[in-house]
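Q: The structure under discussion is supplied below as structure tokens; questions concerning it will follow.
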Amino acid sequence: MASQLPEPVTTPNIRTIMSEWVRWRKRSHSTGNEAFNGPGLYSQLLKWSDPKDRIVEAEVIAAVDMRIQRPPLVPVIKKTGLPNLEDVTKYGVSEEAQHKLWKKEASRLVEVVGHDAPLEFKGSKGWDLDTKASYENLAVLADRVWQAMNIVLHDGENALAEHAESLCREEILRKSRKVLDYICSKDGNTEDPDTAMPYVDLEDYFKFVDYLTAVLARIICDAIDGKSLYITVLAHLARISTKLKVVSAKPRKSSQISIRNSNRSTPLPNHNGFRGRQEDKAPSAGSLFDSSLRMLDDLRAMGSDKLEEVDMYLLQCAKFRAGILLLIHILVLSLRGTNNQPRSLGRSYEICAMVYKTGLEQFRTLIYQDYNNNFLGSSDTTTIHCAESSFYLLNETVRHVHHQVRDQARRGSSTSLPEYDETAGAQISWSYSCKGLGIDADKPNGPVRLKTMGHVITVMIPLIMTDPVAIYGIEAFIDMAIFTEFPSEPKVRRVKPRSYGNYTAFFCLTTGEYSAAQQRRGPDDAKSLSNALVGRNRILSKQVIYIDGAGSVPCILGKIGGMLPQEDKPALERIQQHQRELDNISNKMKGWVMEEKGVLVKCKVFVYTTILLCALLVAGSAAAGMTIGRRIPGVDPSNIATYCWVLAAFVLLIVKSFRVRDWPWNDFLHGRVLCKSVSELSSVTGIGEQLILAKLLQDESISFLRTRGPYNTIFHHSSEDGFSIDRPISIWAMLLSGLIMIEVELARGRGLVCLDLRRGTKYGRIQNLGDPEFTSDAKFIYCNRLLDTGDRDTYMHTYDDANKIRLTKGNMTWLRAHGFYGNKHAEFT
């Protein structure tokens, strides 16, 4: 029987919904009342929007129960005999119990998405303090999820290999089989093979899986707009969550069952990869995306009247499984490490995410530092938009934890916090602004000491979801869902990304030991992201802005006023002045025309003023000749006119050749000039050379300009007769354009590697040797010899260019990244 939709109701206009939301957000921020049980954006949209767009629990449960909705809208049918890619009946669970578990998980996830209640991880008493043991337990929990996830992968890929071989990813099947064999190879009791596995409190594990899946559900559903996708995502999350819990009780036994039920023999290479790392990457959304499109093309070629429901069902399962498991894989590896044995974060780490405005046009850039000092980023507009839902959830979560900590302090909790030497001393600092949601920029918050390990996990999980790798996974997931829709689906069910508006953000989770180590570093030493020169206000002020007690917090959000304490008024005024200057210069630069061999600039005022002065000189000489006549004995008036004509021509030639080397008369008379070097362009326009270099670097990906010259290394488009880069580039200009220098440790000494995040960069990464994504064949802009502080002091006594750094382009390998380069006076040649 067809599902009955709710009766139509009268709903307010969408503009009314958003205006009510903005007014409520402004009121809550102005009064200091967080009111988390107030109207959340997503829940209010669900409540007030068209009833057909609501998430109905019965529809999710129907999708979980493997019922098929035929396009176009027809009654929902129950199709029997469909392959169950998340079947748990093979692991000692009855069919009836399986459906009850699915229904329970689906109801939980619908409640999570449909309401604005804050998400929180609530563990047992063992999570009361953020001690070293707590971090080790977190790694064990993540490792258990990783084991269960590989069982889910192995079973699902085997089912696809049997029923839809074109969707089966052989590489993922092989790698998941390797993990299962590794789990089975551990020593243990033959009667109970799971006795040697690390102990995991199943109640804590279930709560941990609940929190992971709840965070994913909120972020994915806030990043897209489409009821059909909401239902399908929640249904697959419910089934995957159920299986992650069922197989986790005895992972070795479950691995043996999964291997035993395999439909094919899989060749197994050596278990251990480089440095003992499991050679296992996240499920590739791209590979499944390609295979899904190929299968979809095949099905479309058959004709829409011949599409089989089983094929549609398997295609849907395959693409949604890949996207969800990819995100779970990213979360888990961030917590457990990439080696065979789980590795905790330890007592000293920083996880930091920042979205700030850079460039002359203030385009937004995302930079992320993970626990292992890998540095990632993106300046792609679609990627930044896709990250909005992650940062919004992170902001709400951090504010919730902050109020819990504050309420405990007000109540005067009898439990006193141990010193940093007993705990990691985790603390969070943050700032967030989103104009589309009515969240205005306010002063930087923190650092706030997190009292429990539960608070640390609550903040850490959504913070990891701001990793550009995770954002890229969400974006690929959405693209795959959009491009693999069937043409017969009605337009009302179309899926599209959601955007809330312009936002900036800064979130930093660090420990006391890490912060103390950063404070001991010198002014020119490598810095973490929270202490680096990165951030628009830091760039504009040309110095680091220090906020009392919090280290250096980037003041990057919205209105600059209110972001700094009163005692920092001079720095605030300097920032505002520099911002006005940049805005004026940016408007002037918009009229430039980038040609292959130079930059064409209009200078009509200069040209016509020069011509006018020369004309006045000539006209004055003629008037003088006519006026003087023969009044002065021995003076021929025509000689005065001739002299003035020569003088005017000489002045015109000098003026024409003074600023540029070659200025054709045609361009001169039309009031334009083609500048062929940075020095010429600066001389003609009066704009500083470093600002010109920042502009050229920023727009290189969208311009036709070809460059050459002694300082041309960091430019990609080179030509022997192109525009000359004849001035070295300062670190200020590089940061403004999106080029960030990372200090790394080499086999002998220190070096620099450039994290290129210029406008439009989809994904940039500087990672450590041994990282799963490390590629020694990648080409970088780098310096393979960086002077130490002592060497620099000695060098400065001999030469004046001690801060000049020679850059090269090519392959480079380093051991580990230390942080962002801190020499504010550096120039790159």
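Letters for chains follow the order of the structure tokens (A, B, ...), residue numbers begin at 1 for each chain, and ligand numbers begin at 1 in the order shown.
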Among range 356-534 of chain A, which ones does DSSP place in helix (DSSP H, G or I), written as a PyMOL selection string?

A: chain A and resi 381-386+388-411+435-437+453-464+468-483+491-493+512-519+529-531

Q: At a cut-off of 9 Å, using only C-alpha atoms, what residues contact Lys695 in chain A? Leave out same-chain residues fewer than 2 positions from it and give the result as a PDB file with N, CA and C atoms, in the first residue's frame.

A:
```pdb
ATOM      1  N   GLY A 359      44.012  37.733  -0.237  1.00  0.00           N
ATOM      2  CA  GLY A 359      44.013  38.313  -1.567  1.00  0.00           C
ATOM      3  C   GLY A 359      43.481  39.733  -1.571  1.00  0.00           C
ATOM      4  N   LEU A 360      43.677  40.416  -2.675  1.00  0.00           N
ATOM      5  CA  LEU A 360      43.200  41.783  -2.797  1.00  0.00           C
ATOM      6  C   LEU A 360      41.684  41.835  -2.888  1.00  0.00           C
ATOM      7  N   SER A 586      42.864  47.767  -5.116  1.00  0.00           N
ATOM      8  CA  SER A 586      42.182  46.679  -5.816  1.00  0.00           C
ATOM      9  C   SER A 586      41.231  47.207  -6.862  1.00  0.00           C
ATOM     10  N   MET A 589      43.251  48.172  -9.866  1.00  0.00           N
ATOM     11  CA  MET A 589      43.782  47.029 -10.604  1.00  0.00           C
ATOM     12  C   MET A 589      42.734  46.336 -11.463  1.00  0.00           C
ATOM     13  N   GLN A 690      55.304  45.081  -4.288  1.00  0.00           N
ATOM     14  CA  GLN A 690      54.845  43.869  -3.612  1.00  0.00           C
ATOM     15  C   GLN A 690      53.351  43.650  -3.812  1.00  0.00           C
ATOM     16  N   LEU A 691      52.577  44.718  -3.853  1.00  0.00           N
ATOM     17  CA  LEU A 691      51.151  44.577  -4.134  1.00  0.00           C
ATOM     18  C   LEU A 691      50.921  44.104  -5.556  1.00  0.00           C
ATOM     19  N   ILE A 692      51.749  44.582  -6.478  1.00  0.00           N
ATOM     20  CA  ILE A 692      51.634  44.112  -7.865  1.00  0.00           C
ATOM     21  C   ILE A 692      51.956  42.625  -7.947  1.00  0.00           C
ATOM     22  N   LEU A 693      53.011  42.202  -7.271  1.00  0.00           N
ATOM     23  CA  LEU A 693      53.356  40.778  -7.270  1.00  0.00           C
ATOM     24  C   LEU A 693      52.245  39.939  -6.649  1.00  0.00           C
ATOM     25  N   LEU A 697      50.317  36.984  -8.684  1.00  0.00           N
ATOM     26  CA  LEU A 697      50.275  35.625  -8.142  1.00  0.00           C
ATOM     27  C   LEU A 697      48.843  35.170  -7.909  1.00  0.00           C
ATOM     28  N   GLN A 698      48.041  36.062  -7.387  1.00  0.00           N
ATOM     29  CA  GLN A 698      46.664  35.713  -7.063  1.00  0.00           C
ATOM     30  C   GLN A 698      45.862  35.355  -8.307  1.00  0.00           C
ATOM     31  N   ASP A 699      46.071  36.095  -9.405  1.00  0.00           N
ATOM     32  CA  ASP A 699      45.260  35.922 -10.603  1.00  0.00           C
ATOM     33  C   ASP A 699      45.924  35.079 -11.678  1.00  0.00           C
ATOM     34  N   GLU A 700      47.033  34.422 -11.352  1.00  0.00           N
ATOM     35  CA  GLU A 700      47.757  33.687 -12.399  1.00  0.00           C
ATOM     36  C   GLU A 700      46.902  32.597 -13.023  1.00  0.00           C
ATOM     37  N   ALA A 733      53.756  39.603   0.647  1.00  0.00           N
ATOM     38  CA  ALA A 733      53.061  39.481  -0.634  1.00  0.00           C
ATOM     39  C   ALA A 733      52.655  38.036  -0.898  1.00  0.00           C
ATOM     40  N   LEU A 736      49.609  37.230   1.228  1.00  0.00           N
ATOM     41  CA  LEU A 736      48.438  37.936   0.724  1.00  0.00           C
ATOM     42  C   LEU A 736      47.875  37.254  -0.517  1.00  0.00           C
ATOM     43  N   SER A 737      48.733  36.646  -1.318  1.00  0.00           N
ATOM     44  CA  SER A 737      48.284  35.978  -2.544  1.00  0.00           C
ATOM     45  C   SER A 737      47.868  34.531  -2.308  1.00  0.00           C
TER      46      SER A 737
END
```

Q: For range 142-152 of chain A, work out the shell of residues within 9 Å, counting only C-alpha atoms and skipping chain neighbours fewer than 6 positions away, then give it as a PyMOL selection string.

A: chain A and resi 85-86+175-177+179-180+183+198+200+205+208-209+240+243-248+251-252+254-255+258-259+325+328-329+331-337+341-343

Q: Generate the output file for the selected residues, C-alpha atoms, as an mmCIF file, in the first residue's frame.

A:
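As written to disk, part25.cif reads:
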```cif
data_model
loop_
_atom_site.group_PDB
_atom_site.id
_atom_site.type_symbol
_atom_site.label_atom_id
_atom_site.label_comp_id
_atom_site.auth_asym_id
_atom_site.auth_seq_id
_atom_site.Cartn_x
_atom_site.Cartn_y
_atom_site.Cartn_z
ATOM 1 C CA LEU A 85 24.882 -5.256 1.722
ATOM 2 C CA GLU A 86 24.790 -4.671 5.492
ATOM 3 C CA LYS A 175 42.602 -4.033 0.985
ATOM 4 C CA SER A 176 39.726 -4.783 3.329
ATOM 5 C CA ARG A 177 40.568 -8.486 3.037
ATOM 6 C CA VAL A 179 42.907 -5.925 7.181
ATOM 7 C CA LEU A 180 40.688 -8.868 8.068
ATOM 8 C CA ILE A 183 43.049 -9.164 12.538
ATOM 9 C CA PRO A 198 42.347 -4.791 23.484
ATOM 10 C CA VAL A 200 36.709 -2.101 24.770
ATOM 11 C CA TYR A 205 31.834 1.989 21.884
ATOM 12 C CA PHE A 208 31.043 6.571 20.220
ATOM 13 C CA VAL A 209 29.485 5.111 17.042
ATOM 14 C CA ILE A 240 25.976 0.805 8.583
ATOM 15 C CA LYS A 243 26.565 -3.455 11.537
ATOM 16 C CA LEU A 244 29.443 -1.473 13.083
ATOM 17 C CA LYS A 245 27.961 -2.298 16.477
ATOM 18 C CA VAL A 246 27.090 -5.935 15.833
ATOM 19 C CA VAL A 247 30.469 -7.060 14.461
ATOM 20 C CA SER A 248 32.456 -5.090 17.074
ATOM 21 C CA PRO A 251 35.989 -8.546 15.692
ATOM 22 C CA ARG A 252 38.289 -11.536 15.080
ATOM 23 C CA SER A 254 33.441 -11.595 12.779
ATOM 24 C CA SER A 255 36.443 -11.278 10.458
ATOM 25 C CA SER A 258 33.297 -12.483 6.707
ATOM 26 C CA ILE A 259 36.235 -14.284 5.055
ATOM 27 C CA LEU A 325 32.355 4.865 4.640
ATOM 28 C CA ILE A 328 34.020 7.323 8.614
ATOM 29 C CA HIS A 329 37.432 6.218 7.397
ATOM 30 C CA LEU A 331 37.458 10.268 11.077
ATOM 31 C CA VAL A 332 38.830 6.967 12.320
ATOM 32 C CA LEU A 333 42.310 7.324 10.838
ATOM 33 C CA SER A 334 42.590 10.798 12.348
ATOM 34 C CA LEU A 335 42.061 9.266 15.796
ATOM 35 C CA ARG A 336 43.942 5.963 15.580
ATOM 36 C CA GLY A 337 46.758 6.693 13.130
ATOM 37 C CA GLN A 341 48.674 -0.804 15.869
ATOM 38 C CA PRO A 342 46.504 2.132 17.015
ATOM 39 C CA ARG A 343 48.414 5.217 18.063
#
```

Q: Might you pull out every residue within 12 Å of range 592-602 of chain A, with only C-alpha atoms counted and same-chain residues fewer than 6 positions away left off, and present them as a PyMOL selection string?

A: chain A and resi 585-586+608+660+662-663+667-686+692+695-696+699-708+717-725

Q: Between CA of Arg260 in chain A and CA of His236 in chain A, what is the spacing in Å?

A: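 Result for CA of His236 in chain A versus CA of Arg260 in chain A: 24.6 Å, one decimal.
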
Q: Would you compute the distance between CA of Arg239 in chain A and CA of Cys221 in chain A? Give it in Å to one decimal.

A: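 Taking CA of Arg239 in chain A and CA of Cys221 in chain A, their separation equals 17.0 Å.
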
Q: Interatomic distance between CA of Leu153 in chain A and CA of Tyr91 in chain A?

A: 15.1 Å

Q: Could you check the closest approach to Lys122 in chain A for each of A:Glu573, A:Asp210, A:Asp65, A:Asp583 and tell me which residue wins, using only C-alpha atoms?

A: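 Selected residue with least distance to Lys122 in chain A: A:Asp210.
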
Q: List as a CSV table (one decimal) with N, CA and C atoms, in the first residue's frame the protein and nucleic acid residues near Tyr199 in chain A, meaning an atom at most 10 Å away when only C-alpha atoms are counted, but skip any in the same chain fewer than 6 places from it.

A:
```
chain,number,residue,atom,x,y,z
A,137,ASN,N,42.7,5.1,25.2
A,137,ASN,CA,41.4,4.4,25.0
A,137,ASN,C,40.6,5.0,23.8
A,140,VAL,N,41.9,3.2,20.9
A,140,VAL,CA,41.4,1.8,20.9
A,140,VAL,C,40.0,1.8,20.3
A,141,LEU,N,39.2,2.8,20.8
A,141,LEU,CA,37.8,2.9,20.3
A,141,LEU,C,37.8,3.1,18.7
A,144,ARG,N,38.7,-0.1,16.9
A,144,ARG,CA,37.6,-1.0,16.9
A,144,ARG,C,36.6,-0.6,15.8
```

Q: Name all residues at most 7 Å from Thr808 in chain A (count only C-alpha atoms; drop same-chain ones fewer than 4 positions away) and give them as a PyMOL selection string.

A: chain A and resi 713+781-783

Q: Pick out the residues sitting within 8 Å of Asn445 in chain A, and hand them over as a PyMOL selection string; count only C-alpha atoms, and ignore anything fewer than 6 positions along from it in its own chain.

A: chain A and resi 429-431

Q: Restricting the output to all heavy atoms, write the selected residues as an mmCIF file, in the first residue's frame.

A:
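And here is the file that came out, again.cif:
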```
data_model
loop_
_atom_site.group_PDB
_atom_site.id
_atom_site.type_symbol
_atom_site.label_atom_id
_atom_site.label_comp_id
_atom_site.auth_asym_id
_atom_site.auth_seq_id
_atom_site.Cartn_x
_atom_site.Cartn_y
_atom_site.Cartn_z
ATOM 1 N N SER A 429 40.018 27.374 21.580
ATOM 2 C CA SER A 429 39.851 28.790 21.262
ATOM 3 C C SER A 429 39.117 28.866 19.933
ATOM 4 O O SER A 429 39.355 28.047 19.040
ATOM 5 C CB SER A 429 41.202 29.500 21.159
ATOM 6 O OG SER A 429 41.948 29.362 22.346
ATOM 7 N N TRP A 430 38.245 29.866 19.789
ATOM 8 C CA TRP A 430 37.451 29.903 18.564
ATOM 9 C C TRP A 430 36.875 31.285 18.287
ATOM 10 O O TRP A 430 36.754 32.131 19.174
ATOM 11 C CB TRP A 430 36.318 28.884 18.635
ATOM 12 C CG TRP A 430 35.142 29.279 19.494
ATOM 13 C CD1 TRP A 430 33.956 29.815 19.088
ATOM 14 C CD2 TRP A 430 35.060 29.180 20.920
ATOM 15 N NE1 TRP A 430 33.134 30.056 20.155
ATOM 16 C CE2 TRP A 430 33.789 29.666 21.302
ATOM 17 C CE3 TRP A 430 35.929 28.725 21.922
ATOM 18 C CZ2 TRP A 430 33.373 29.723 22.621
ATOM 19 C CZ3 TRP A 430 35.517 28.780 23.246
ATOM 20 C CH2 TRP A 430 34.255 29.255 23.580
ATOM 21 N N SER A 431 36.524 31.498 17.031
ATOM 22 C CA SER A 431 35.761 32.645 16.550
ATOM 23 C C SER A 431 34.988 32.186 15.330
ATOM 24 O O SER A 431 35.479 31.371 14.551
ATOM 25 C CB SER A 431 36.672 33.815 16.175
ATOM 26 O OG SER A 431 37.053 34.549 17.306
#
```

Q: With distances taken over only C-alpha atoms, which of A:Met312, A:Ala235, A:Leu746, A:Ile457 is nearest to Tyr211 in chain A?

A: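 Among A:Met312, A:Ala235, A:Leu746, A:Ile457, it is A:Ile457 that comes nearest to Tyr211 in chain A.
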